[in-house]
file target-v7.csv (CSV, C-alpha atoms)
chain,number,residue,atom,x,y,z
N,1122,MET,CA,-7.4,-12.6,-1.8
N,1123,THR,CA,-9.4,-15.8,-1.3
N,1124,ALA,CA,-11.9,-15.1,-4.1
N,1125,ASP,CA,-11.1,-14.5,-7.7
N,1126,HIS,CA,-11.6,-11.0,-9.1
N,1127,PRO,CA,-13.4,-10.9,-12.4
N,1128,SER,CA,-12.1,-9.2,-15.6
N,1129,MET,CA,-13.6,-7.9,-18.8
N,1130,PRO,CA,-12.4,-8.8,-22.3
N,1131,ALA,CA,-9.1,-7.3,-22.9
N,1132,SER,CA,-9.9,-6.5,-26.5
N,1133,ASP,CA,-12.2,-3.8,-25.1
N,1134,GLN,CA,-9.4,-2.1,-23.3
N,1135,THR,CA,-6.0,-2.5,-25.0
N,1136,GLY,CA,-6.7,-3.1,-28.7
N,1137,ALA,CA,-5.2,-6.5,-28.5
N,1138,ALA,CA,-7.5,-9.0,-30.1
N,1139,PRO,CA,-8.1,-12.2,-28.0
N,1140,GLU,CA,-8.3,-15.5,-29.7
N,1141,HIS,CA,-12.0,-16.4,-30.1
N,1142,HIS,CA,-11.3,-20.0,-28.8
N,1143,GLU,CA,-10.6,-18.6,-25.3
N,1144,SER,CA,-13.1,-17.2,-22.9
N,1145,VAL,CA,-12.0,-14.1,-21.0
N,1146,LEU,CA,-15.2,-13.7,-19.0
N,1147,LEU,CA,-14.5,-14.8,-15.5
N,1148,ASP,CA,-16.6,-15.4,-12.4
N,1149,GLU,CA,-17.7,-12.5,-10.2
N,1150,PRO,CA,-16.3,-12.5,-6.6
N,1151,THR,CA,-18.6,-13.1,-3.6
N,1152,THR,CA,-16.0,-12.4,-0.9
N,1153,ALA,CA,-12.8,-10.4,-0.6
N,1154,ASP,CA,-10.5,-10.8,2.4
N,1155,LEU,CA,-9.0,-7.4,2.2
N,1156,ARG,CA,-8.2,-7.2,5.9
N,1157,ALA,CA,-5.9,-10.2,5.5
N,1158,LYS,CA,-3.9,-8.4,2.9
N,1159,VAL,CA,-3.3,-5.4,5.1
N,1160,THR,CA,-2.5,-7.6,8.1
N,1161,GLU,CA,0.0,-9.6,6.3
N,1162,ALA,CA,1.7,-6.5,4.9
N,1163,TRP,CA,2.2,-5.2,8.4
N,1164,ARG,CA,3.6,-8.6,9.6
N,1165,GLU,CA,6.1,-8.6,6.8
N,1166,PHE,CA,7.1,-5.0,7.6
N,1167,ALA,CA,7.6,-5.8,11.3
N,1168,ARG,CA,9.6,-8.9,10.4
N,1169,ALA,CA,11.9,-7.0,8.1
N,1170,LEU,CA,12.3,-4.1,10.6
N,1171,GLY,CA,13.3,-6.5,13.4
N,1172,GLU,CA,15.9,-8.1,11.2
N,1173,ARG,CA,17.4,-4.7,10.2
N,1174,LEU,CA,17.5,-3.5,13.9
N,1175,ARG,CA,19.5,-6.5,14.8
N,1176,THR,CA,22.2,-5.9,12.2
N,1177,LEU,CA,22.5,-2.1,12.1
N,1178,PRO,CA,26.0,-0.8,13.1
N,1179,VAL,CA,26.6,1.3,16.2
N,1180,GLY,CA,25.8,4.9,15.4
N,1181,ALA,CA,23.2,4.1,12.8
N,1182,HIS,CA,20.0,6.1,12.6
N,1183,LEU,CA,16.6,5.0,11.2
N,1184,GLU,CA,13.7,7.3,10.7
N,1185,LEU,CA,10.2,6.1,9.7
N,1186,THR,CA,7.7,8.7,8.6
N,1187,LEU,CA,4.0,8.5,7.5
N,1188,ASP,CA,4.1,10.1,4.0
N,1189,PRO,CA,1.8,13.2,4.4
N,1190,THR,CA,1.4,13.5,0.6
N,1191,ALA,CA,-0.1,10.0,0.5
N,1192,SER,CA,-2.0,10.0,3.8
N,1193,GLY,CA,-3.7,13.4,3.6
N,1194,THR,CA,-2.2,14.6,6.9
N,1195,GLY,CA,-1.1,18.0,5.5
N,1196,ASP,CA,1.6,19.6,7.6
N,1197,ALA,CA,1.4,17.0,10.3
N,1198,VAL,CA,4.5,14.7,10.3
N,1199,TYR,CA,4.1,11.5,12.2
N,1200,SER,CA,7.5,9.8,12.6
N,1201,VAL,CA,9.5,7.5,14.9
N,1202,SER,CA,13.3,7.3,14.9
N,1203,VAL,CA,15.8,4.8,16.3
N,1204,GLU,CA,19.5,5.4,17.2
N,1205,VAL,CA,21.7,2.3,17.7
N,1206,GLY,CA,24.3,2.3,20.4
N,1207,GLU,CA,26.5,-0.4,21.9
N,1208,GLY,CA,24.0,-3.2,22.5
N,1209,ARG,CA,21.3,-0.5,23.1
N,1210,VAL,CA,18.7,1.3,21.0
N,1211,VAL,CA,17.1,4.6,21.7
N,1212,ALA,CA,13.7,5.4,20.1
N,1213,ARG,CA,11.8,8.6,19.8
N,1214,ALA,CA,8.2,9.2,18.6
N,1215,VAL,CA,6.7,12.6,17.7
N,1216,GLY,CA,4.5,14.2,20.4
N,1217,ASN,CA,1.8,16.8,20.3
N,1218,ALA,CA,4.2,19.7,20.8
N,1219,THR,CA,5.3,19.4,17.2
N,1220,LEU,CA,1.9,18.5,15.7
N,1221,PRO,CA,-0.4,21.1,14.3
N,1222,GLN,CA,-3.8,21.8,15.7
N,1223,GLY,CA,-6.4,19.3,14.5
N,1224,TYR,CA,-3.8,16.5,14.2
N,1225,ARG,CA,-2.7,16.1,17.8
N,1226,LEU,CA,-3.1,12.9,19.7
N,1227,ASP,CA,-6.2,12.7,21.9
N,1228,ARG,CA,-6.2,11.3,25.4
N,1229,ALA,CA,-6.9,7.8,24.2
N,1230,ALA,CA,-4.0,7.9,21.8
N,1231,VAL,CA,-1.6,9.2,24.4
N,1232,ALA,CA,-2.7,6.5,26.8
N,1233,ASP,CA,-2.1,3.9,24.0
N,1234,MET,CA,1.5,5.3,23.6
N,1235,ILE,CA,2.1,4.8,27.3
N,1236,ALA,CA,0.6,1.3,27.3
N,1237,LEU,CA,2.8,0.3,24.4
N,1238,GLY,CA,5.9,1.2,26.5
N,1239,TRP,CA,6.7,4.8,25.5
N,1240,SER,CA,7.7,7.3,28.2
N,1241,PRO,CA,5.9,10.7,28.0
N,1242,PRO,CA,7.8,13.6,26.3
N,1243,GLY,CA,10.7,14.9,28.4
N,1244,VAL,CA,10.8,12.0,30.9
N,1245,LEU,CA,13.8,10.2,29.3
N,1246,GLU,CA,17.0,12.2,29.1
N,1247,GLY,CA,17.3,13.8,25.7
N,1248,SER,CA,13.7,13.0,24.6
N,1249,GLY,CA,12.7,16.7,24.6
N,1250,GLU,CA,9.2,17.1,23.1
N,1251,ASP,CA,9.1,13.5,21.9
N,1252,PHE,CA,8.0,10.2,23.5
N,1253,GLY,CA,11.0,8.2,24.5
N,1254,LEU,CA,11.9,4.5,24.7
N,1255,GLU,CA,15.2,2.7,25.4
N,1256,GLY,CA,15.9,-1.0,25.0
N,1257,SER,CA,18.4,-3.7,24.1
N,1258,THR,CA,19.3,-4.8,20.5
N,1259,ASP,CA,18.5,-8.3,21.8
N,1260,ASP,CA,14.8,-7.3,21.9
N,1261,ALA,CA,14.8,-6.1,18.2
N,1262,THR,CA,11.8,-8.3,17.4
N,1263,LYS,CA,9.7,-6.8,20.2
N,1264,LEU,CA,10.9,-3.3,19.4
N,1265,ALA,CA,9.9,-3.7,15.8
N,1266,ALA,CA,6.4,-4.9,16.8
N,1267,LEU,CA,6.1,-1.9,19.1
N,1268,LEU,CA,7.2,0.6,16.4
N,1269,SER,CA,4.8,-1.0,13.9
N,1270,ARG,CA,1.9,-0.8,16.3
N,1271,THR,CA,2.7,2.9,17.0
N,1272,LEU,CA,2.8,3.8,13.3
N,1273,ARG,CA,-0.3,1.7,12.5
N,1274,ASP,CA,-2.6,2.0,15.6
N,1275,VAL,CA,-1.7,5.4,17.1
N,1276,TYR,CA,-0.4,7.5,14.1
N,1277,GLY,CA,-3.0,6.0,11.8
N,1278,THR,CA,-0.8,4.6,9.0
N,1279,PRO,CA,-3.2,2.5,7.0
N,1280,HIS,CA,-0.6,0.3,5.3
N,1281,PRO,CA,3.2,0.1,5.4
N,1282,ALA,CA,3.3,1.3,1.8
N,1283,PHE,CA,2.5,4.7,3.2
N,1284,LEU,CA,5.7,4.8,5.1
N,1285,VAL,CA,9.0,6.4,4.0
N,1286,TYR,CA,12.2,5.5,5.7
N,1287,LEU,CA,15.6,7.0,6.0
N,1288,MET,CA,18.6,5.0,7.2
N,1289,HIS,CA,22.2,6.3,7.5
N,1290,ASP,CA,25.3,5.7,9.5
N,1291,ALA,CA,26.9,7.8,12.2
N,1292,GLU,CA,28.5,10.1,9.5
N,1293,GLY,CA,25.2,10.6,7.8
N,1294,ARG,CA,26.0,8.3,4.8
N,1295,PRO,CA,23.0,6.3,3.5
N,1296,LEU,CA,23.1,2.6,4.5
N,1297,PRO,CA,22.4,0.0,1.8
N,1298,VAL,CA,19.8,-2.3,3.4
N,1299,GLU,CA,17.1,-4.7,2.2
N,1300,PRO,CA,13.6,-3.1,1.9
N,1301,LEU,CA,11.3,-2.8,4.9
N,1302,GLY,CA,8.4,-4.6,3.3
N,1303,THR,CA,6.4,-2.1,1.2
N,1304,ALA,CA,7.8,0.9,3.0
N,1305,ARG,CA,9.8,3.2,0.6
N,1306,SER,CA,13.3,4.3,1.0
N,1307,GLU,CA,14.1,8.0,0.5
N,1308,PHE,CA,17.2,7.0,-1.3
N,1309,GLY,CA,15.6,5.9,-4.6
N,1310,PRO,CA,16.7,6.0,-8.2
N,1311,ASP,CA,15.5,8.8,-10.4
N,1312,ARG,CA,15.8,7.6,-14.0
N,1313,ASP,CA,13.5,7.6,-16.9
N,1314,VAL,CA,10.9,4.9,-16.5
N,1315,GLU,CA,10.6,4.0,-20.2
N,1316,ALA,CA,14.4,3.7,-20.6
N,1317,ASP,CA,14.6,1.6,-17.5
N,1318,LEU,CA,11.7,-0.6,-18.8
N,1319,ASP,CA,13.3,-1.2,-22.2
N,1320,GLU,CA,16.5,-2.2,-20.5
N,1321,ALA,CA,14.8,-4.5,-18.0
N,1322,LEU,CA,12.6,-6.2,-20.5
N,1323,ALA,CA,15.6,-6.8,-22.8
N,1324,ALA,CA,17.2,-8.8,-20.0
N,1325,ALA,CA,14.0,-10.6,-18.9
N,1326,PRO,CA,13.7,-14.3,-19.6
N,1327,ALA,CA,11.6,-15.2,-22.6
N,1328,GLY,CA,10.2,-18.5,-21.3
N,1329,VAL,CA,9.7,-21.8,-23.0
N,1330,ASP,CA,7.4,-20.5,-25.7
N,1331,GLY,CA,8.6,-16.9,-25.7
N,1332,ASP,CA,5.4,-15.5,-24.4
N,1333,VAL,CA,2.9,-17.2,-22.0
N,1334,MET,CA,5.4,-18.9,-19.7
N,1335,ALA,CA,7.3,-15.6,-19.2
N,1336,LEU,CA,4.2,-13.5,-18.5
N,1337,GLU,CA,4.5,-13.4,-14.8
N,1338,ASP,CA,8.2,-12.4,-15.0
N,1339,ARG,CA,7.4,-9.7,-17.6
N,1340,VAL,CA,4.6,-8.3,-15.4
N,1341,ARG,CA,6.9,-8.1,-12.4
N,1342,THR,CA,9.5,-6.4,-14.5
N,1343,VAL,CA,7.1,-3.8,-15.7
N,1344,VAL,CA,5.6,-3.1,-12.2
N,1345,SER,CA,8.9,-3.0,-10.4
N,1346,THR,CA,10.3,-0.6,-13.1
N,1347,MET,CA,7.4,1.7,-12.7
N,1348,LEU,CA,7.9,1.6,-8.9
N,1349,LYS,CA,11.6,2.1,-9.3
N,1350,SER,CA,12.3,-1.1,-7.4
N,1351,LYS,CA,13.5,-4.6,-8.2
N,1352,SER,CA,11.1,-7.4,-9.3
N,1353,ASP,CA,12.1,-9.6,-6.3
N,1354,ARG,CA,11.3,-6.8,-3.9
N,1355,LEU,CA,7.7,-6.3,-4.9
N,1356,GLN,CA,5.1,-6.7,-2.2
N,1357,VAL,CA,3.3,-9.9,-3.3
N,1358,ASP,CA,0.6,-11.4,-1.0
N,1359,SER,CA,-0.3,-15.0,-0.4
N,1360,ASP,CA,-2.6,-15.0,-3.4
N,1361,GLY,CA,0.2,-14.0,-5.7
N,1362,ASP,CA,-1.2,-10.5,-6.2
N,1363,ILE,CA,1.2,-7.6,-6.5
N,1364,ASN,CA,0.2,-4.8,-4.1
N,1365,ILE,CA,0.5,-1.1,-5.1
N,1366,ARG,CA,-0.3,1.9,-2.9
N,1367,ALA,CA,-2.5,4.5,-4.6
N,1368,GLY,CA,-3.3,7.3,-2.1
N,1369,SER,CA,-6.3,6.2,-0.1
N,1370,ALA,CA,-6.8,3.1,-2.3
N,1371,MET,CA,-5.0,-0.1,-2.9
N,1372,VAL,CA,-4.4,-1.6,-6.3
N,1373,PHE,CA,-3.7,-5.2,-7.0
N,1374,VAL,CA,-2.1,-6.8,-10.1
N,1375,ARG,CA,-2.9,-10.4,-10.8
N,1376,VAL,CA,-1.5,-12.7,-13.5
N,1377,ARG,CA,-3.8,-15.4,-14.8
N,1378,ASP,CA,-2.8,-18.4,-16.8
N,1379,ASN,CA,-5.9,-19.6,-18.6
N,1380,PRO,CA,-6.6,-17.5,-20.5
N,1381,PRO,CA,-3.3,-15.5,-20.2
N,1382,LEU,CA,-4.5,-12.3,-18.7
N,1383,VAL,CA,-3.2,-9.5,-16.4
N,1384,ASP,CA,-5.9,-8.1,-14.2
N,1385,VAL,CA,-5.3,-4.6,-12.6
N,1386,PHE,CA,-8.0,-4.1,-10.1
N,1387,SER,CA,-9.0,-2.2,-6.9
N,1388,PRO,CA,-11.8,-2.6,-4.3
N,1389,VAL,CA,-12.6,1.1,-4.3
N,1390,LEU,CA,-15.5,0.8,-1.8
N,1391,THR,CA,-16.6,-2.0,0.5
N,1392,GLU,CA,-19.7,-2.5,2.7
N,1393,VAL,CA,-21.8,-0.4,0.4
N,1394,GLU,CA,-25.5,-1.0,-0.1
N,1395,PRO,CA,-26.2,-2.1,-3.7
N,1396,THR,CA,-29.0,0.1,-5.0
N,1397,GLU,CA,-30.4,1.0,-8.4
N,1398,ARG,CA,-28.9,4.5,-8.1
N,1399,LEU,CA,-25.5,3.0,-7.4
N,1400,TYR,CA,-25.7,0.7,-10.5
N,1401,VAL,CA,-26.7,3.7,-12.7
N,1402,LYS,CA,-23.8,5.8,-11.3
N,1403,LEU,CA,-21.3,3.0,-12.0
N,1404,SER,CA,-22.6,2.6,-15.5
N,1405,GLU,CA,-22.3,6.3,-16.2
N,1406,LEU,CA,-18.8,6.4,-14.9
N,1407,THR,CA,-17.8,3.4,-16.8
N,1408,ASN,CA,-19.0,4.9,-20.0
N,1409,ARG,CA,-16.8,7.9,-19.4
N,1410,MET,CA,-13.7,5.9,-18.5
N,1411,PRO,CA,-11.0,5.7,-21.2
N,1412,ILE,CA,-10.3,2.0,-20.3
N,1413,GLY,CA,-11.7,-0.4,-17.7
N,1414,ARG,CA,-15.0,-0.7,-15.9
N,1415,LEU,CA,-16.7,-0.2,-12.5
N,1416,TYR,CA,-19.2,-2.6,-11.1
N,1417,CYS,CA,-20.7,-3.8,-7.8
N,1418,ALA,CA,-20.4,-7.4,-6.7
N,1419,ASP,CA,-22.1,-8.3,-3.4
N,1420,ASP,CA,-21.3,-5.2,-1.3
N,1421,THR,CA,-18.1,-4.2,-2.9
N,1422,VAL,CA,-17.5,-1.7,-5.8
N,1423,TRP,CA,-14.6,-2.8,-8.0
N,1424,ALA,CA,-12.6,-1.0,-10.6
N,1425,SER,CA,-11.0,-3.3,-13.2
N,1426,ILE,CA,-8.6,-2.9,-16.1
N,1427,PRO,CA,-7.5,-6.2,-17.7
N,1428,VAL,CA,-4.6,-6.5,-20.1
N,1429,PHE,CA,-4.5,-9.4,-22.5
N,1430,GLY,CA,-1.6,-11.7,-21.8
N,1431,ARG,CA,-1.2,-13.2,-25.3
N,1432,ASN,CA,1.2,-11.1,-27.3
N,1433,PHE,CA,1.7,-9.1,-24.1
N,1434,GLN,CA,2.5,-5.4,-24.5
N,1435,ALA,CA,4.4,-3.7,-21.7
N,1436,THR,CA,2.9,-0.3,-22.6
N,1437,HIS,CA,-0.6,-1.7,-22.2
N,1438,LEU,CA,0.2,-2.7,-18.6
N,1439,MET,CA,1.9,0.6,-17.8
N,1440,LEU,CA,-1.2,2.4,-19.0
N,1441,ALA,CA,-3.5,0.2,-17.0
N,1442,VAL,CA,-1.5,0.7,-13.8
N,1443,GLN,CA,-1.2,4.4,-14.3
N,1444,VAL,CA,-4.9,4.8,-14.9
N,1445,MET,CA,-6.0,2.5,-12.1
N,1446,THR,CA,-3.7,4.1,-9.4
N,1447,GLY,CA,-5.2,7.5,-10.3
N,1448,LEU,CA,-8.7,6.3,-10.8
N,1449,ALA,CA,-9.0,4.3,-7.6
N,1450,ASP,CA,-7.7,7.1,-5.4
N,1451,GLU,CA,-10.1,9.6,-6.8
N,1452,LEU,CA,-13.2,7.4,-7.1
N,1453,ASP,CA,-13.1,6.0,-3.6
N,1454,ASP,CA,-13.6,9.5,-2.1
N,1455,ARG,CA,-16.2,10.5,-4.7
N,1456,LEU,CA,-18.3,7.4,-4.3
N,1457,HIS,CA,-18.0,7.3,-0.6
N,1458,GLY,CA,-19.3,10.8,-0.3
N,1459,GLU,CA,-22.4,9.8,-2.3
N,1460,PHE,CA,-23.1,6.3,-1.3
N,1461,GLY,CA,-21.3,5.7,2.0
N,1462,GLY,CA,-19.6,2.4,2.7
N,1463,LYS,CA,-15.9,2.1,3.4
N,1464,ARG,CA,-12.8,2.9,1.5
N,1465,PHE,CA,-9.8,0.6,1.6
N,1466,PHE,CA,-8.1,3.2,3.8
N,1467,VAL,CA,-11.0,5.1,5.3
N,1468,GLU,CA,-11.1,8.8,6.4
N,1469,GLY,CA,-10.9,7.7,10.0
N,1470,ASP,CA,-7.4,6.3,9.2
N,1471,LYS,CA,-6.1,9.8,8.9
N,1472,PRO,CA,-4.7,10.7,12.3
N,1473,GLY,CA,-6.5,13.0,14.6
N,1474,ARG,CA,-9.2,15.2,13.3
N,1475,PRO,CA,-11.5,15.0,16.4
N,1476,SER,CA,-13.6,18.1,17.2
N,1477,VAL,CA,-13.8,17.0,20.8
N,1478,GLU,CA,-11.8,14.5,22.8
N,1479,SER,CA,-13.4,11.1,22.6
N,1480,ASP,CA,-12.6,7.4,22.4
N,1481,HIS,CA,-12.1,7.8,18.7
N,1482,ARG,CA,-9.3,5.3,17.6
N,1483,THR,CA,-7.1,6.4,14.8
N,1484,GLY,CA,-5.6,3.9,12.4
N,1485,MET,CA,-8.6,1.6,12.3
N,1486,TYR,CA,-9.9,0.5,8.9
N,1487,LEU,CA,-12.1,-1.9,7.1
call {"tool": "encode", "arguments": {"input": "target-v7.csv", "output": "C-alpha cells"}}
result
Amino acid sequence: MTADHPSMPASDQTGAAPEHHESVLLDEPTTADLRAKVTEAWREFARALGERLRTLPVGAHLELTLDPTASGTGDAVYSVSVEVGEGRVVARAVGNATLPQGYRLDRAAVADMIALGWSPPGVLEGSGEDFGLEGSTDDATKLAALLSRTLRDVYGTPHPAFLVYLMHDAEGRPLPVEPLGTARSEFGPDRDVEADLDEALAAAPAGVDGDVMALEDRVRTVVSTMLKSKSDRLQVDSDGDINIRAGSAMVFVRVRDNPPLVDVFSPVLTEVEPTERLYVKLSELTNRMPIGRLYCADDTVWASIPVFGRNFQATHLMLAVQVMTGLADELDDRLHGEFGGKRFFVEGDKPGRPSVESDHRTGMYL
C-alpha cells in the first residue's frame, strides 16, 4: 500500500517487552490503495497462467475453480477448464444448466461471456451445457487474460487467492508446475504445521546479528509454512506486504525495520462514515479481543496485531496470523451489517443472487 499502516506496542500483545529506547507508536494512515493490491494480484495470476498454457504438454488438463467454501457460493461451482491439443487449446466454462437457482448468470453476465469470446453452450462440438472456446497455443497470453476476466468479472472471484486449480497430464497424473500467482493447487502437502515450522526455521539464515537482519526471512518462513507453501512463492505486493486470503477479508503482513516489528493487519471495512457510535463499538470490541485492536482512520476500519521483531518468536506471529485471519473474516460482515461501508470483498462479489434480472454486475468490488 502507499500509506503506512499503524501498529500498537507489541508488548501489549505478545508479552515480549520492547526496549524503552525505541518508539513503536507509528503514524496513522490517511490513504490505502487497496484496489491496486487486488489489480496487481490479478495481473500476476494472468501472467503466470499465460506462461503455463504455453508450456503444457499435449493432453494436459487445467481446471480453475472458485472455491465455494471461501467465496460463500454454497453449492454453486464456478469453473473454467482447458484441454491442450497439438497447437490448440479447448476451453470450457460452466453455464447456467449446472448452476443452482439463485446463482445463475443473468442476461448481462451471459452477454459479457459472449463479448469476451465464449460461444454459447452447445454451439461448439463437445461443449454440451458449458460455454466453449477454441484457440491456438500461440495466443496463450490473450487466452489467459480472457480466462482471468471470466473468473473475475463474470463469475465474481474477488481475488485470485480464492481460486483452486487442478493440473494433470493425459493419464490423470498431477503435473508439477510453478504456482499460478496466489491461486492454490489442489495437490498440496498435508503435514503438521509446527513440525514443518521447526524444520524450516532451523534451516533459515540467521543474518548478520542473528536477529534483526534475518527478520524478513523468518517472517516469510513462518507464513509460508502456515500456508503450506514455499517462502519464495508467497504473494508479495509492490509495498513488500505478504497477502493472505481470509474468507471475505484480506490480511497483510508487513515487516518493519525501525523499530523491528511485524505488523499483521487488515482493512476490514472501507468507505464507512466515522461516527461516535462506530468509535464506541470499536472500543468495546477491542476490549474483548485477546490480542490486537480495532480502530478507524479516515474512512477505513482497521484491525491490527503487531508482533515485536526484537527477539522474534515464531509462535507469536503464528498466533497473530491465526487470530487475524479469523477475526477479519468475521468482523467485516458484522460491522458492515451495522455500519454499512464496503468490505474488501463485498457481498456483491458473490456471484448471482439477483431477485430480478437487472444490470447488476458480479465481481465488482471496492
call {"tool": "residues_around", "arguments": {"input": "target-v7.csv", "residues": "Leu1183 of chain N", "least_positions_apart": "5", "cutoff": "10 Å", "atoms": "only C-alpha atoms", "output": "PyMOL selection string"}}
result
chain N and resi 1173-1174+1177+1201-1205+1212+1286-1290+1296
call {"tool": "write_last_selection", "arguments": {"input": "target-v7.csv", "atoms": "C-alpha atoms", "output": "compact mmCIF listing (two decimals), in the frame of the given file"}}
result
# COMPACT_ATOMS: atom_id res chain seq x y z
CA ARG N 1173 17.40 -4.70 10.20
CA LEU N 1174 17.50 -3.50 13.90
CA LEU N 1177 22.50 -2.10 12.10
CA VAL N 1201 9.50 7.50 14.90
CA SER N 1202 13.30 7.30 14.90
CA VAL N 1203 15.80 4.80 16.30
CA GLU N 1204 19.50 5.40 17.20
CA VAL N 1205 21.70 2.30 17.70
CA ALA N 1212 13.70 5.40 20.10
CA TYR N 1286 12.20 5.50 5.70
CA LEU N 1287 15.60 7.00 6.00
CA MET N 1288 18.60 5.00 7.20
CA HIS N 1289 22.20 6.30 7.50
CA ASP N 1290 25.30 5.70 9.50
CA LEU N 1296 23.10 2.60 4.50
call {"tool": "closest_residue", "arguments": {"input": "target-v7.csv", "among": "N:Ser1257, N:Ser1369, N:Thr1346, N:Ser1359", "to": "Ala1282 of chain N", "atoms": "all atoms listed in the file"}}
result
N:Ser1369
call {"tool": "atom_distance", "arguments": {"input": "target-v7.csv", "atom1": "atom CA of Thr1258 of chain N", "atom2": "atom CA of Pro1300 of chain N"}}
result
19.5 Å
call {"tool": "closest_residue", "arguments": {"input": "target-v7.csv", "among": "N:His1280, N:Arg1294, N:Tyr1400, N:Arg1409", "to": "Ala1162 of chain N", "atoms": "all atoms listed in the file"}}
result
N:His1280
call {"tool": "residues_around", "arguments": {"input": "target-v7.csv", "residues": "Phe1283 of chain N", "least_positions_apart": "5", "cutoff": "12 Å", "atoms": "all atoms listed in the file", "output": "ChimeraX atom specification"}}
result
/N:1159,1162-1163,1166,1185-1194,1199-1200,1272-1273,1276-1278,1301-1306,1365-1371,1466,1470-1471
call {"tool": "closest_residue", "arguments": {"input": "target-v7.csv", "among": "N:Leu1399, N:Ala1229, N:Leu1170, N:Leu1348", "to": "Ala1265 of chain N", "atoms": "only C-alpha atoms"}}
result
N:Leu1170
call {"tool": "residues_around", "arguments": {"input": "target-v7.csv", "residues": "segment 1237-1241 of chain N", "least_positions_apart": "3", "cutoff": "7 Å", "atoms": "all atoms listed in the file", "output": "list in words"}}
result
Asp1233, Met1234, Val1244, Leu1245, Phe1252, Gly1253, Leu1254 and Leu1267 of chain N
call {"tool": "residues_around", "arguments": {"input": "target-v7.csv", "residues": "Arg1164 of chain N", "least_positions_apart": "3", "cutoff": "10 Å", "atoms": "all atoms listed in the file", "output": "list in words"}}
result
Val1159, Thr1160, Glu1161, Ala1167, Arg1168, Ala1169, Leu1170, Ala1266, Ser1269, Pro1281 and Gly1302 of chain N
call {"tool": "atom_distance", "arguments": {"input": "target-v7.csv", "atom1": "atom CA of Val1389 of chain N", "atom2": "atom CA of Met1445 of chain N"}}
result
10.3 Å
call {"tool": "closest_residue", "arguments": {"input": "target-v7.csv", "among": "N:Ser1387, N:Thr1271, N:Thr1396, N:Thr1219", "to": "Asp1251 of chain N", "atoms": "all atoms listed in the file"}}
result
N:Thr1219
call {"tool": "atom_distance", "arguments": {"input": "target-v7.csv", "atom1": "atom CA of Thr1262 of chain N", "atom2": "atom CA of Pro1178 of chain N"}}
result
16.6 Å
call {"tool": "closest_residue", "arguments": {"input": "target-v7.csv", "among": "N:Thr1391, N:Thr1446, N:Glu1165, N:Gly1256", "to": "Val1210 of chain N", "atoms": "all atoms listed in the file"}}
result
N:Gly1256
call {"tool": "closest_residue", "arguments": {"input": "target-v7.csv", "among": "N:Asp1227, N:Asp1353, N:Pro1295, N:Gly1171", "to": "Leu1264 of chain N", "atoms": "only C-alpha atoms"}}
result
N:Gly1171
